[in-house]
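Student: Just data_1.cif, nothing more (mmCIF, C-alpha atoms; chains and numbers go by the auth columns):
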data_structure
#
loop_
_atom_site.group_PDB
_atom_site.id
_atom_site.type_symbol
_atom_site.label_atom_id
_atom_site.label_comp_id
_atom_site.label_asym_id
_atom_site.label_seq_id
_atom_site.Cartn_x
_atom_site.Cartn_y
_atom_site.Cartn_z
_atom_site.B_iso_or_equiv
_atom_site.auth_seq_id
_atom_site.auth_asym_id
ATOM 1 C CA MET A 1 79.673 100.047 98.302 0.00 1 P
ATOM 2 C CA GLY A 2 80.537 96.678 96.922 0.00 2 P
ATOM 3 C CA PRO A 3 82.889 94.151 98.416 0.00 3 P
ATOM 4 C CA LEU A 4 85.628 95.055 95.926 0.00 4 P
ATOM 5 C CA SER A 5 85.463 98.719 96.960 0.00 5 P
ATOM 6 C CA LEU A 6 85.673 97.829 100.628 0.00 6 P
ATOM 7 C CA LEU A 7 88.560 95.469 99.962 0.00 7 P
ATOM 8 C CA LEU A 8 90.465 98.161 98.048 0.00 8 P
ATOM 9 C CA LEU A 9 89.819 100.704 100.803 0.00 9 P
ATOM 10 C CA ALA A 10 91.028 98.289 103.477 0.00 10 P
ATOM 11 C CA VAL A 11 94.118 97.248 101.514 0.00 11 P
ATOM 12 C CA GLY A 12 94.901 100.887 100.747 0.00 12 P
ATOM 13 C CA ALA A 13 94.582 101.902 104.389 0.00 13 P
ATOM 14 C CA VAL A 14 96.843 99.051 105.484 0.00 14 P
ATOM 15 C CA LEU A 15 99.448 99.945 102.849 0.00 15 P
ATOM 16 C CA ILE A 16 99.432 103.591 103.905 0.00 16 P
ATOM 17 C CA VAL A 17 99.977 102.646 107.551 0.00 17 P
ATOM 18 C CA VAL A 18 102.680 100.087 106.733 0.00 18 P
ATOM 19 C CA GLY A 19 104.492 102.477 104.392 0.00 19 P
ATOM 20 C CA THR A 20 104.396 105.285 106.935 0.00 20 P
ATOM 21 C CA ARG A 21 105.686 103.054 109.709 0.00 21 P
ATOM 22 C CA ARG A 22 108.507 101.826 107.459 0.00 22 P
ATOM 23 C CA PHE A 23 109.326 105.413 106.439 0.00 23 P
ATOM 24 C CA MET A 24 109.917 107.014 109.811 0.00 24 P
ATOM 25 C CA PRO A 25 112.976 105.153 111.297 0.00 25 P
ATOM 26 C CA PRO A 26 115.136 105.436 108.136 0.00 26 P
ATOM 27 C CA TYR A 27 114.074 109.078 107.770 0.00 27 P
ATOM 28 C CA ARG A 28 115.237 109.918 111.294 0.00 28 P
ATOM 29 C CA ARG A 29 118.534 108.112 110.732 0.00 29 P
ATOM 30 C CA TYR A 30 118.979 109.845 107.362 0.00 30 P
ATOM 31 C CA GLN A 31 118.534 113.250 109.001 0.00 31 P
ATOM 32 C CA ALA A 32 121.102 112.375 111.673 0.00 32 P
ATOM 33 C CA LEU A 33 123.602 111.239 109.037 0.00 33 P
ATOM 34 C CA GLN A 34 123.092 114.445 107.074 0.00 34 P
ATOM 35 C CA GLU A 35 123.886 116.470 110.198 0.00 35 P
ATOM 36 C CA GLN A 36 126.950 114.335 110.846 0.00 36 P
ATOM 37 C CA ASP A 37 128.135 114.741 107.258 0.00 37 P
ATOM 38 C CA ALA A 38 127.633 118.524 107.476 0.00 38 P
ATOM 39 C CA ASN A 39 129.700 118.607 110.688 0.00 39 P
ATOM 40 C CA VAL A 40 132.524 116.705 108.992 0.00 40 P
ATOM 41 C CA ALA A 41 132.406 119.087 106.016 0.00 41 P
ATOM 42 C CA ARG A 42 132.590 122.104 108.344 0.00 42 P
ATOM 43 C CA TYR A 43 135.512 120.571 110.208 0.00 43 P
ATOM 44 C CA GLU A 44 137.381 119.845 106.988 0.00 44 P
ATOM 45 C CA ALA A 45 136.758 123.374 105.736 0.00 45 P
ATOM 46 C CA TRP A 46 138.069 124.755 109.039 0.00 46 P
ATOM 47 C CA ARG A 47 141.090 122.446 108.972 0.00 47 P
ATOM 48 C CA GLY A 48 141.829 123.369 105.377 0.00 48 P
ATOM 49 C CA GLY A 49 142.043 119.832 104.112 0.00 49 P
ATOM 50 C CA ALA A 50 139.852 117.903 101.807 0.00 50 P
ATOM 51 C CA ARG A 51 139.110 114.230 101.621 0.00 51 P
ATOM 52 C CA LEU A 52 140.909 112.275 98.970 0.00 52 P
ATOM 53 C CA ASP A 53 137.934 109.972 98.623 0.00 53 P
ATOM 54 C CA PRO A 54 134.614 111.847 98.780 0.00 54 P
ATOM 55 C CA LYS A 55 132.801 108.585 99.508 0.00 55 P
ATOM 56 C CA THR A 56 132.390 108.077 103.248 0.00 56 P
ATOM 57 C CA GLY A 57 130.609 105.533 105.382 0.00 57 P
ATOM 58 C CA ALA A 58 127.918 108.116 106.042 0.00 58 P
ATOM 59 C CA SER A 59 127.379 108.721 102.332 0.00 59 P
ATOM 60 C CA VAL A 60 127.054 104.986 101.672 0.00 60 P
ATOM 61 C CA ALA A 61 124.604 104.620 104.562 0.00 61 P
ATOM 62 C CA MET A 62 122.611 107.612 103.280 0.00 62 P
ATOM 63 C CA ALA A 63 122.360 105.959 99.850 0.00 63 P
ATOM 64 C CA VAL A 64 120.991 102.785 101.448 0.00 64 P
ATOM 65 C CA LEU A 65 118.550 104.779 103.583 0.00 65 P
ATOM 66 C CA ARG A 66 117.470 106.833 100.560 0.00 66 P
ATOM 67 C CA ARG A 67 116.551 103.592 98.750 0.00 67 P
ATOM 68 C CA GLN A 68 114.559 102.409 101.789 0.00 68 P
ATOM 69 C CA LEU A 69 112.739 105.758 101.873 0.00 69 P
ATOM 70 C CA GLN A 70 111.907 105.464 98.182 0.00 70 P
ATOM 71 C CA MET A 71 110.457 101.978 98.686 0.00 71 P
ATOM 72 C CA SER A 72 108.404 103.141 101.671 0.00 72 P
ATOM 73 C CA GLY A 73 107.116 106.100 99.665 0.00 73 P
ATOM 74 C CA LEU A 74 106.153 103.747 96.847 0.00 74 P
ATOM 75 C CA ILE A 75 104.146 101.613 99.288 0.00 75 P
ATOM 76 C CA VAL A 76 102.293 104.719 100.517 0.00 76 P
ATOM 77 C CA ILE A 77 101.560 105.821 96.945 0.00 77 P
ATOM 78 C CA VAL A 78 100.183 102.384 96.058 0.00 78 P
ATOM 79 C CA GLY A 79 98.023 102.606 99.173 0.00 79 P
ATOM 80 C CA PHE A 80 96.593 105.955 98.066 0.00 80 P
ATOM 81 C CA VAL A 81 95.932 104.532 94.593 0.00 81 P
ATOM 82 C CA CYS A 82 94.043 101.626 96.148 0.00 82 P
ATOM 83 C CA VAL A 83 91.972 103.991 98.279 0.00 83 P
ATOM 84 C CA ALA A 84 91.186 106.164 95.257 0.00 84 P
ATOM 85 C CA ALA A 85 90.254 103.085 93.228 0.00 85 P
ATOM 86 C CA GLY A 86 87.991 101.961 96.068 0.00 86 P
ATOM 87 C CA PHE A 87 86.131 105.267 95.952 0.00 87 P
ATOM 88 C CA VAL A 88 85.913 105.245 92.147 0.00 88 P
ATOM 89 C CA LEU A 89 84.519 101.713 92.038 0.00 89 P
ATOM 90 C CA ARG A 90 81.668 102.471 94.451 0.00 90 P
#
Kindly return the structure encoded in the file as structure tokens.

Tutor:
Amino acid sequence: MGPLSLLLLAVGAVLIVVGTRRFMPPYRRYQALQEQDANVARYEAWRGGARLDPKTGASVAMAVLRRQLQMSGLIVIVGFVCVAAGFVLR
């Protein structure tokens, strides 16, 4: 294995770890917000009323978290590409 292969493997491994660590906190918060939004929807269905504005604070926060999750996933994918390139360039 050449130095370029080792460098790509190391960079890929670091990117995978960083992306995974960035992914987990927003994912947990996103799941909690989804549960909260489902509870509000059940309550509104029980009450018989509907929101005039379907956009809530939870939906805005979920959009922000979804973007963070996409960026973290992109970092992990780039890490896997670097690892694969490191193995190909042996």

Student: Give me the residues within 12 Å of P:Val76 as a tab-separated table (two decimals) with C-alpha atoms, in the frame of the given file, counting only C-alpha atoms and dropping any in the same chain fewer than 6 places off.

Tutor:
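The new file result_6.tsv reads:
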chain	number	residue	atom	x	y	z
P	11	VAL	CA	94.12	97.25	101.51
P	12	GLY	CA	94.90	100.89	100.75
P	13	ALA	CA	94.58	101.90	104.39
P	14	VAL	CA	96.84	99.05	105.48
P	15	LEU	CA	99.45	99.94	102.85
P	16	ILE	CA	99.43	103.59	103.90
P	17	VAL	CA	99.98	102.65	107.55
P	18	VAL	CA	102.68	100.09	106.73
P	19	GLY	CA	104.49	102.48	104.39
P	20	THR	CA	104.40	105.28	106.94
P	21	ARG	CA	105.69	103.05	109.71
P	22	ARG	CA	108.51	101.83	107.46
P	23	PHE	CA	109.33	105.41	106.44
P	69	LEU	CA	112.74	105.76	101.87
P	70	GLN	CA	111.91	105.46	98.18
P	82	CYS	CA	94.04	101.63	96.15
P	83	VAL	CA	91.97	103.99	98.28

Student: Give, as lines of an AutoDock Vina configuration file, the centre coordinates and the x, y and z edge lengths in Å to one decimal for an axis-aligned box around all listed atoms of stretch 18-30 of chain P, padded by 3 Å on each side.

Tutor:
center_x = 110.8
center_y = 105.0
center_z = 107.8
size_x = 22.3
size_y = 15.8
size_z = 12.9

Student: For atom CA of P:Met62 and atom CA of P:Gly49, quote the distance in Å rounded to one decimal.

Tutor: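 Those two atoms sit 23.0 Å apart.
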
Student: What separation in Å, quoted to one decimal, exists between atom CA of P:Leu74 and atom CA of P:Asp37?

Tutor: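 Distance reported for this atom pair: 26.7 Å.
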
Student: When the PyMOL selection byres ((chain P and resi 89) around 12) is applied to the structure above, which residues does it catch, written out as a PyMOL selection string?

Tutor: chain P and resi 1-9+82-88+90

Student: In Å, how far is it from atom CA of P:Ala58 to atom CA of P:Leu33?

Tutor: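 Result for atom CA of P:Ala58 versus atom CA of P:Leu33: 6.1 Å, one decimal.
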
Student: For P:Gln68, which residue among P:Val40, P:Arg29, P:Asp53, P:Phe80 is the nearest when counting all atoms listed in the file?

Tutor: P:Arg29
